[in-house]
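One file, input-v4.txt, is given below (compact mmCIF, C-alpha atoms).
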```txt
# COMPACT_ATOMS: atom_id res chain seq x y z
CA GLN I 89 -17.85 18.23 3.47
CA GLU I 90 -20.84 19.33 1.50
CA THR I 91 -21.30 18.29 -2.12
CA ARG I 92 -22.23 20.68 -4.92
CA LYS I 93 -25.82 19.43 -4.71
CA ASP I 94 -25.94 20.28 -1.00
CA LEU I 95 -24.50 23.75 -1.59
CA ALA I 96 -26.85 24.40 -4.53
CA ALA I 97 -29.88 23.37 -2.47
CA ALA I 98 -28.79 25.64 0.40
CA ALA I 99 -28.29 28.57 -2.00
CA GLY I 100 -31.55 27.84 -3.83
CA VAL I 101 -29.90 27.62 -7.27
CA ASP I 102 -29.52 24.93 -9.91
CA VAL I 103 -26.45 22.69 -9.56
CA GLU I 104 -25.25 23.62 -13.06
CA ARG I 105 -25.10 27.32 -12.12
CA LEU I 106 -22.80 26.64 -9.16
CA PRO I 107 -19.07 27.13 -9.88
CA VAL I 108 -17.00 23.92 -10.02
CA GLY I 109 -14.50 24.86 -7.32
CA VAL I 110 -17.09 25.67 -4.66
CA SER I 111 -17.22 22.15 -3.20
CA ARG I 112 -14.26 19.86 -2.63
CA ALA I 113 -16.54 16.78 -2.40
CA ILE I 114 -18.56 15.08 -5.13
CA VAL I 115 -20.67 11.97 -5.68
CA VAL I 116 -20.33 10.37 -9.11
CA ALA I 117 -22.92 7.77 -10.04
CA GLY I 118 -22.11 4.93 -12.41
CA HIS I 119 -24.27 6.35 -15.22
CA GLU I 120 -22.45 9.71 -14.92
CA LEU I 121 -19.09 7.95 -14.97
CA ALA I 122 -20.10 6.07 -18.13
CA GLU I 123 -20.57 9.39 -19.93
CA MET I 124 -17.13 10.74 -18.91
CA ASP I 125 -13.97 10.24 -20.90
CA GLY I 126 -10.54 9.83 -19.28
CA ASP I 127 -9.74 13.54 -19.27
CA GLU I 128 -13.04 14.45 -17.60
CA LEU I 129 -12.49 11.83 -14.92
CA ASP I 130 -8.95 13.12 -14.33
CA GLU I 131 -10.38 16.63 -13.96
CA VAL I 132 -12.97 15.45 -11.42
CA LEU I 133 -10.26 13.75 -9.36
CA ALA I 134 -8.02 16.82 -9.52
CA ASP I 135 -10.81 19.27 -8.57
CA HIS I 136 -12.18 17.32 -5.60
CA ASP I 137 -10.58 16.09 -2.39
CA GLU I 138 -13.38 13.63 -1.64
CA VAL I 139 -14.97 11.59 -4.42
CA VAL I 140 -17.60 8.92 -3.84
CA PHE I 141 -18.36 6.57 -6.72
CA ALA I 142 -21.75 4.89 -6.46
CA ARG I 143 -23.36 2.05 -8.43
CA THR I 144 -20.36 1.38 -10.65
CA SER I 145 -19.81 -1.58 -12.93
CA PRO I 146 -16.69 -3.81 -12.75
CA ALA I 147 -15.21 -2.08 -15.80
CA GLN I 148 -15.79 1.31 -14.20
CA LYS I 149 -14.05 0.19 -11.00
CA LEU I 150 -10.99 -0.64 -13.07
CA THR I 151 -11.24 2.74 -14.83
CA ILE I 152 -11.36 4.52 -11.45
CA VAL I 153 -8.26 2.67 -10.23
CA GLU I 154 -6.36 3.51 -13.43
CA ALA I 155 -7.40 7.19 -13.20
CA TYR I 156 -6.06 7.50 -9.65
CA GLN I 157 -2.84 5.75 -10.67
CA ARG I 158 -2.44 8.21 -13.59
CA ALA I 159 -2.56 10.95 -10.93
CA ASN I 160 0.33 9.18 -9.13
CA ASP I 161 -1.87 8.19 -6.19
CA VAL I 162 -1.49 4.93 -4.30
CA VAL I 163 -4.73 3.00 -4.71
CA ALA I 164 -6.25 0.43 -2.36
CA VAL I 165 -9.39 -1.44 -3.46
CA THR I 166 -11.66 -3.70 -1.44
CA GLY I 167 -13.83 -6.32 -3.07
CA ASP I 168 -15.48 -9.67 -2.60
CA GLY I 169 -16.69 -10.90 -5.95
CA VAL I 170 -15.40 -12.16 -9.25
CA ASN I 171 -16.38 -8.83 -10.79
CA ASP I 172 -13.99 -6.98 -8.44
CA SER I 173 -10.98 -9.07 -9.46
CA PRO I 174 -9.64 -6.82 -12.27
CA ALA I 175 -9.67 -3.75 -9.98
CA LEU I 176 -8.16 -5.75 -7.11
CA LYS I 177 -5.34 -6.92 -9.38
CA GLN I 178 -4.67 -3.45 -10.85
CA ALA I 179 -4.67 -1.61 -7.51
CA ASN I 180 -1.49 -1.02 -5.56
CA CYS I 181 -3.11 -2.91 -2.69
CA GLY I 182 -6.05 -5.18 -3.42
CA ILE I 183 -7.98 -6.26 -0.34
CA ALA I 184 -10.43 -9.17 -0.56
CA MET I 185 -13.00 -10.32 1.96
CA GLY I 186 -12.11 -13.65 3.56
CA ILE I 187 -15.57 -14.82 4.60
CA ALA I 188 -17.85 -13.40 1.91
CA GLY I 189 -15.19 -13.20 -0.81
CA THR I 190 -14.87 -15.58 -3.73
CA ASP I 191 -11.73 -17.61 -4.41
CA VAL I 192 -11.09 -15.54 -7.54
CA SER I 193 -11.09 -12.26 -5.61
CA LYS I 194 -8.83 -13.75 -2.92
CA GLU I 195 -6.33 -14.87 -5.58
CA ALA I 196 -6.33 -11.43 -7.22
CA ALA I 197 -5.87 -9.56 -3.93
CA ASP I 198 -2.68 -8.67 -2.10
CA MET I 199 -4.37 -8.91 1.31
CA VAL I 200 -7.30 -11.01 2.53
CA LEU I 201 -9.39 -9.87 5.50
CA LEU I 202 -10.12 -13.09 7.35
CA ASP I 203 -12.86 -11.51 9.46
CA ASP I 204 -14.34 -9.16 6.78
CA ASN I 205 -13.76 -6.25 9.18
CA PHE I 206 -12.42 -3.05 7.62
CA GLY I 207 -10.71 -2.20 10.91
CA SER I 208 -8.43 -5.15 10.27
CA ILE I 209 -6.89 -3.25 7.35
CA VAL I 210 -5.46 -0.65 9.74
CA ASN I 211 -4.24 -3.35 12.13
CA GLY I 212 -2.63 -5.29 9.29
CA ILE I 213 -0.82 -2.23 7.97
CA GLU I 214 0.44 -1.36 11.46
CA GLU I 215 1.76 -4.91 11.95
CA GLY I 216 3.36 -4.86 8.51
CA ARG I 217 5.13 -1.60 9.29
CA LYS I 218 6.41 -3.02 12.60
CA ILE I 219 7.75 -6.11 10.84
CA PHE I 220 9.43 -3.96 8.17
CA ASP I 221 11.04 -1.70 10.80
CA ASN I 222 12.27 -4.70 12.80
CA LEU I 223 13.66 -6.29 9.66
CA LYS I 224 15.57 -3.10 8.84
CA LYS I 225 16.99 -3.00 12.37
CA SER I 226 18.01 -6.64 12.25
CA ILE I 227 19.71 -6.29 8.86
CA SER I 228 21.49 -3.13 9.99
CA TYR I 229 22.75 -4.84 13.14
CA THR I 230 23.87 -7.94 11.25
CA LEU I 231 25.77 -5.95 8.62
CA SER I 232 27.43 -3.72 11.20
CA SER I 233 28.52 -6.67 13.34
CA LYS I 234 29.81 -8.74 10.41
CA THR I 235 32.02 -6.03 8.91
CA PRO I 236 34.65 -6.22 11.68
CA GLN I 237 34.75 -10.00 11.25
CA THR I 238 35.05 -10.08 7.46
CA LEU I 239 37.38 -7.12 6.95
CA PRO I 240 40.48 -8.72 8.56
CA ILE I 241 39.92 -11.95 6.62
CA LEU I 242 39.58 -10.07 3.33
CA LEU I 243 42.70 -8.01 4.02
CA ALA I 244 44.67 -11.10 5.04
CA THR I 245 43.56 -12.89 1.86
CA ILE I 246 44.44 -9.93 -0.39
CA CYS I 247 47.82 -9.36 1.29
CA GLN I 248 48.48 -13.13 1.43
CA PHE I 249 48.92 -13.20 5.20
CA PRO I 250 47.80 -16.16 7.29
CA LEU I 251 44.16 -15.96 8.36
CA PRO I 252 43.89 -14.13 11.72
CA ILE I 253 40.81 -16.10 12.83
CA SER I 254 39.39 -19.45 11.77
CA ALA I 255 35.89 -20.07 10.41
CA LEU I 256 35.02 -22.17 13.48
CA LEU I 257 36.04 -19.33 15.79
CA ILE I 258 33.92 -16.85 13.82
CA LEU I 259 30.94 -19.22 14.13
CA CYS I 260 31.47 -19.48 17.89
CA ILE I 261 31.62 -15.68 18.21
CA ASP I 262 28.44 -15.30 16.16
CA ILE I 263 26.50 -17.87 18.15
CA GLY I 264 27.79 -16.63 21.49
CA THR I 265 27.47 -12.87 21.03
CA ASP I 266 25.38 -12.01 17.98
CA LEU I 267 22.51 -14.49 18.10
CA LEU I 268 20.50 -13.12 21.02
CA PRO I 269 20.73 -9.41 20.03
CA ALA I 270 19.71 -10.23 16.44
CA ILE I 271 16.71 -12.24 17.65
CA SER I 272 15.66 -9.48 20.05
CA LEU I 273 15.60 -6.96 17.21
CA ALA I 274 13.20 -9.16 15.27
CA TYR I 275 10.52 -8.72 17.94
```

Using C-alpha cells, write down the structure that the file contains.
Amino acid sequence: QETRKDLAAAAGVDVERLPVGVSRAIVVAGHELAEMDGDELDEVLADHDEVVFARTSPAQKLTIVEAYQRANDVVAVTGDGVNDSPALKQANCGIAMGIAGTDVSKEAADMVLLDDNFGSIVNGIEEGRKIFDNLKKSISYTLSSKTPQTLPILLATICQFPLPISALLILCIDIGTDLLPAISLAY
C-alpha cells in the first residue's frame, strides 16, 4: 500500500493537507515517535493497517509493544541485542536470534531462532500447532478410554460391592489395547 507521503507526492500537495484516512499505511520514524504521547500512538495504530517503525530506541520498542497490547493485539517481537530484551520480554511472543543474538536476548525471548532465518518462525509455529493438536487428541482418547474402566470401580466402591476388575487386570488391558493407539495419536 502507498503511504501518505506517496499519495501526497502523486497528488502534488503537501503531506499535511492530505486527509488522515486516505492511506492505510504509514512510516513512523523514531524522532516522530518520541514526540507522540500514548493517545496519539494509539490513534496512529487504529487509523492504519500497516505501520512501519524505523530507527527506534529500545524504550520506544517497548512503548510500541505496549501500545499494540493496549489495542488487544497479539504482539511478536524479534531482536538480537541486550537493548531488545525489554520488548522481547513484554511481547506475547519474543523471538531472539540464535547466532547473532546475545545471551540476554535469548533469556528474555520465548523462542530462539537457531539459524537466524525468519522463515523458521513460520515452521516453528506450524510444528507447535501440530504438537498441540496431537496432544489434544491424545488426551481426549485417554480420557474417553479410561472412563469405562474407572466408572464401574467407582460405583462398586460407592455401593460397597466387590471390585469387578482388579488393578492388575486394568493395567494389562491398558498396555495391551490402549498403548499403541495413544502413541499413534502423538505423532

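Going from CA of Ala179 in chain I over to CA of Val140 in chain I, you cover 17.1 Å.
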
Handout entry: Neighbour list for Lys234 in chain I as a list of chain:residue names, cut-off 12 Å, only C-alpha atoms, skip fewer than 2 positions in-chain
Key =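 Skipping anything fewer than 2 positions along the chain leaves I:Ile227, I:Ser228, I:Tyr229, I:Thr230, I:Leu231, I:Ser232, I:Pro236, I:Gln237, I:Thr238, I:Leu239, I:Pro240, I:Ile241, I:Ile258, I:Leu259, I:Ile261, I:Asp262, I:Thr265, I:Asp266, I:Ala270.
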
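Straight-line separation from CA of Ser193 in chain I to CA of Val170 in chain I: 5.6 Å.
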
Handout entry: Residue neighbourhood Leu176 in chain I, 8 Å, all atoms listed in the file, exclusion window fewer than 3 positions, as an MDAnalysis selection string
Key = chainID I and resid 165:167 172:173 179 181:184 193 196:198

Residue subset to file, keeping C-alpha atoms, as a compact mmCIF listing (two decimals), in the frame of the given file:
```txt
# COMPACT_ATOMS: atom_id res chain seq x y z
CA VAL I 165 -9.39 -1.44 -3.46
CA THR I 166 -11.66 -3.70 -1.44
CA GLY I 167 -13.83 -6.32 -3.07
CA ASP I 172 -13.99 -6.98 -8.44
CA SER I 173 -10.98 -9.07 -9.46
CA ALA I 179 -4.67 -1.61 -7.51
CA CYS I 181 -3.11 -2.91 -2.69
CA GLY I 182 -6.05 -5.18 -3.42
CA ILE I 183 -7.98 -6.26 -0.34
CA ALA I 184 -10.43 -9.17 -0.56
CA SER I 193 -11.09 -12.26 -5.61
CA ALA I 196 -6.33 -11.43 -7.22
CA ALA I 197 -5.87 -9.56 -3.93
CA ASP I 198 -2.68 -8.67 -2.10
```

Problem - Interatomic distance, CA of Gly216 in chain I to CA of Asp204 in chain I (Å, one decimal) - result: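 Atom-to-atom, CA of Gly216 in chain I and CA of Asp204 in chain I are spaced 18.3 Å apart.
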
At a cut-off of 8 Å, using all atoms listed in the file, what residues contact Val162 in chain I? Leave out same-chain residues fewer than 4 positions from it and give the result as a PDB file with C-alpha atoms, in the coordinates of the input.
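Listed below is the output, selection-v7.pdb:
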```pdb
ATOM      1  CA  TYR I 156      -6.060   7.500  -9.650  1.00  0.00           C
ATOM      2  CA  GLN I 157      -2.840   5.750 -10.670  1.00  0.00           C
ATOM      3  CA  ALA I 179      -4.670  -1.610  -7.510  1.00  0.00           C
ATOM      4  CA  ASN I 180      -1.490  -1.020  -5.560  1.00  0.00           C
TER       5      ASN I 180
END
```

Fill in the blank from the handout: Among I:Lys225, I:Asp168, I:Met124, I:Leu256, Ser272 in chain I is approached most closely, using only C-alpha atoms, by I:Lys225

Against range 93-112 of chain I, which residues of range 117-227 of chain I fall within 12 Å? For each one I want the closest pair of atoms and the distance in Å (one decimal), counting only C-alpha atoms, rows by chain and increasing residue number, as CSV.
```
residue,atom,partner,partner_atom,distance
I:Glu131,CA,I:Val108,CA,10.6
I:Val132,CA,I:Val108,CA,9.5
I:Leu133,CA,I:Arg112,CA,9.9
I:Ala134,CA,I:Arg112,CA,9.8
I:Asp135,CA,I:Gly109,CA,6.8
I:His136,CA,I:Arg112,CA,4.4
I:Asp137,CA,I:Arg112,CA,5.3
I:Glu138,CA,I:Arg112,CA,6.4
I:Val139,CA,I:Arg112,CA,8.5
I:Val140,CA,I:Arg112,CA,11.5
```

Start from the incomplete input, build all heavy atoms for range 168-179 of chain I, and deliver everything as a PDB file, keeping the file's coordinate frame.
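Generated file (result-v2.pdb):
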```
ATOM      1  N   ASP I 168     -15.167  -8.314  -3.041  1.00  0.00           N
ATOM      2  CA  ASP I 168     -15.480  -9.670  -2.600  1.00  0.00           C
ATOM      3  C   ASP I 168     -15.942 -10.587  -3.706  1.00  0.00           C
ATOM      4  O   ASP I 168     -16.116 -11.774  -3.481  1.00  0.00           O
ATOM      5  CB  ASP I 168     -16.527  -9.643  -1.483  1.00  0.00           C
ATOM      6  CG  ASP I 168     -17.844  -9.038  -1.935  1.00  0.00           C
ATOM      7  OD1 ASP I 168     -17.929  -8.557  -3.080  1.00  0.00           O
ATOM      8  OD2 ASP I 168     -18.789  -9.033  -1.133  1.00  0.00           O
ATOM      9  N   GLY I 169     -16.139 -10.069  -4.891  1.00  0.00           N
ATOM     10  CA  GLY I 169     -16.690 -10.900  -5.950  1.00  0.00           C
ATOM     11  C   GLY I 169     -15.756 -11.064  -7.125  1.00  0.00           C
ATOM     12  O   GLY I 169     -14.713 -10.411  -7.219  1.00  0.00           O
ATOM     13  N   VAL I 170     -16.166 -11.922  -8.031  1.00  0.00           N
ATOM     14  CA  VAL I 170     -15.400 -12.160  -9.250  1.00  0.00           C
ATOM     15  C   VAL I 170     -15.300 -10.856 -10.048  1.00  0.00           C
ATOM     16  O   VAL I 170     -14.265 -10.562 -10.650  1.00  0.00           O
ATOM     17  CB  VAL I 170     -16.068 -13.267 -10.096  1.00  0.00           C
ATOM     18  CG1 VAL I 170     -15.388 -13.415 -11.435  1.00  0.00           C
ATOM     19  CG2 VAL I 170     -16.057 -14.577  -9.343  1.00  0.00           C
ATOM     20  N   ASN I 171     -16.381 -10.062 -10.024  1.00  0.00           N
ATOM     21  CA  ASN I 171     -16.380  -8.830 -10.790  1.00  0.00           C
ATOM     22  C   ASN I 171     -15.389  -7.789 -10.260  1.00  0.00           C
ATOM     23  O   ASN I 171     -14.999  -6.885 -10.982  1.00  0.00           O
ATOM     24  CB  ASN I 171     -17.795  -8.223 -10.830  1.00  0.00           C
ATOM     25  CG  ASN I 171     -18.327  -7.930  -9.446  1.00  0.00           C
ATOM     26  OD1 ASN I 171     -17.803  -8.418  -8.448  1.00  0.00           O
ATOM     27  ND2 ASN I 171     -19.379  -7.142  -9.373  1.00  0.00           N
ATOM     28  N   ASP I 172     -14.966  -7.906  -9.026  1.00  0.00           N
ATOM     29  CA  ASP I 172     -13.990  -6.980  -8.440  1.00  0.00           C
ATOM     30  C   ASP I 172     -12.550  -7.361  -8.754  1.00  0.00           C
ATOM     31  O   ASP I 172     -11.639  -6.572  -8.523  1.00  0.00           O
ATOM     32  CB  ASP I 172     -14.164  -6.916  -6.919  1.00  0.00           C
ATOM     33  CG  ASP I 172     -15.513  -6.371  -6.502  1.00  0.00           C
ATOM     34  OD1 ASP I 172     -16.028  -5.491  -7.201  1.00  0.00           O
ATOM     35  OD2 ASP I 172     -16.051  -6.851  -5.484  1.00  0.00           O
ATOM     36  N   SER I 173     -12.332  -8.540  -9.280  1.00  0.00           N
ATOM     37  CA  SER I 173     -10.980  -9.070  -9.460  1.00  0.00           C
ATOM     38  C   SER I 173     -10.079  -8.193 -10.336  1.00  0.00           C
ATOM     39  O   SER I 173      -8.914  -7.990  -9.981  1.00  0.00           O
ATOM     40  CB  SER I 173     -11.034 -10.487 -10.018  1.00  0.00           C
ATOM     41  OG  SER I 173     -11.660 -11.319  -9.088  1.00  0.00           O
ATOM     42  N   PRO I 174     -10.543  -7.668 -11.483  1.00  0.00           N
ATOM     43  CA  PRO I 174      -9.640  -6.820 -12.270  1.00  0.00           C
ATOM     44  C   PRO I 174      -9.159  -5.577 -11.497  1.00  0.00           C
ATOM     45  O   PRO I 174      -7.985  -5.220 -11.564  1.00  0.00           O
ATOM     46  CB  PRO I 174     -10.480  -6.417 -13.483  1.00  0.00           C
ATOM     47  CG  PRO I 174     -11.513  -7.479 -13.601  1.00  0.00           C
ATOM     48  CD  PRO I 174     -11.796  -7.922 -12.199  1.00  0.00           C
ATOM     49  N   ALA I 175     -10.066  -4.937 -10.764  1.00  0.00           N
ATOM     50  CA  ALA I 175      -9.670  -3.750  -9.980  1.00  0.00           C
ATOM     51  C   ALA I 175      -8.760  -4.138  -8.827  1.00  0.00           C
ATOM     52  O   ALA I 175      -7.810  -3.419  -8.510  1.00  0.00           O
ATOM     53  CB  ALA I 175     -10.920  -3.032  -9.467  1.00  0.00           C
ATOM     54  N   LEU I 176      -9.027  -5.283  -8.198  1.00  0.00           N
ATOM     55  CA  LEU I 176      -8.160  -5.750  -7.110  1.00  0.00           C
ATOM     56  C   LEU I 176      -6.748  -6.012  -7.618  1.00  0.00           C
ATOM     57  O   LEU I 176      -5.763  -5.710  -6.946  1.00  0.00           O
ATOM     58  CB  LEU I 176      -8.725  -7.030  -6.486  1.00  0.00           C
ATOM     59  CG  LEU I 176      -9.983  -6.894  -5.636  1.00  0.00           C
ATOM     60  CD1 LEU I 176     -10.556  -8.274  -5.320  1.00  0.00           C
ATOM     61  CD2 LEU I 176      -9.690  -6.148  -4.362  1.00  0.00           C
ATOM     62  N   LYS I 177      -6.643  -6.586  -8.797  1.00  0.00           N
ATOM     63  CA  LYS I 177      -5.340  -6.920  -9.380  1.00  0.00           C
ATOM     64  C   LYS I 177      -4.581  -5.661  -9.783  1.00  0.00           C
ATOM     65  O   LYS I 177      -3.375  -5.563  -9.596  1.00  0.00           O
ATOM     66  CB  LYS I 177      -5.547  -7.847 -10.585  1.00  0.00           C
ATOM     67  CG  LYS I 177      -4.304  -8.472 -11.101  1.00  0.00           C
ATOM     68  CD  LYS I 177      -3.847  -9.551 -10.182  1.00  0.00           C
ATOM     69  CE  LYS I 177      -2.716 -10.344 -10.800  1.00  0.00           C
ATOM     70  NZ  LYS I 177      -2.062 -11.172  -9.806  1.00  0.00           N
ATOM     71  N   GLN I 178      -5.295  -4.676 -10.350  1.00  0.00           N
ATOM     72  CA  GLN I 178      -4.670  -3.450 -10.850  1.00  0.00           C
ATOM     73  C   GLN I 178      -4.235  -2.524  -9.715  1.00  0.00           C
ATOM     74  O   GLN I 178      -3.252  -1.809  -9.849  1.00  0.00           O
ATOM     75  CB  GLN I 178      -5.639  -2.719 -11.783  1.00  0.00           C
ATOM     76  CG  GLN I 178      -5.107  -1.417 -12.355  1.00  0.00           C
ATOM     77  CD  GLN I 178      -3.946  -1.612 -13.296  1.00  0.00           C
ATOM     78  OE1 GLN I 178      -3.898  -2.601 -14.030  1.00  0.00           O
ATOM     79  NE2 GLN I 178      -3.000  -0.698 -13.298  1.00  0.00           N
ATOM     80  N   ALA I 179      -4.948  -2.533  -8.615  1.00  0.00           N
ATOM     81  CA  ALA I 179      -4.670  -1.610  -7.510  1.00  0.00           C
ATOM     82  C   ALA I 179      -3.295  -1.878  -6.901  1.00  0.00           C
ATOM     83  O   ALA I 179      -2.764  -2.982  -6.993  1.00  0.00           O
ATOM     84  CB  ALA I 179      -5.753  -1.743  -6.440  1.00  0.00           C
TER      85      ALA I 179
END
```
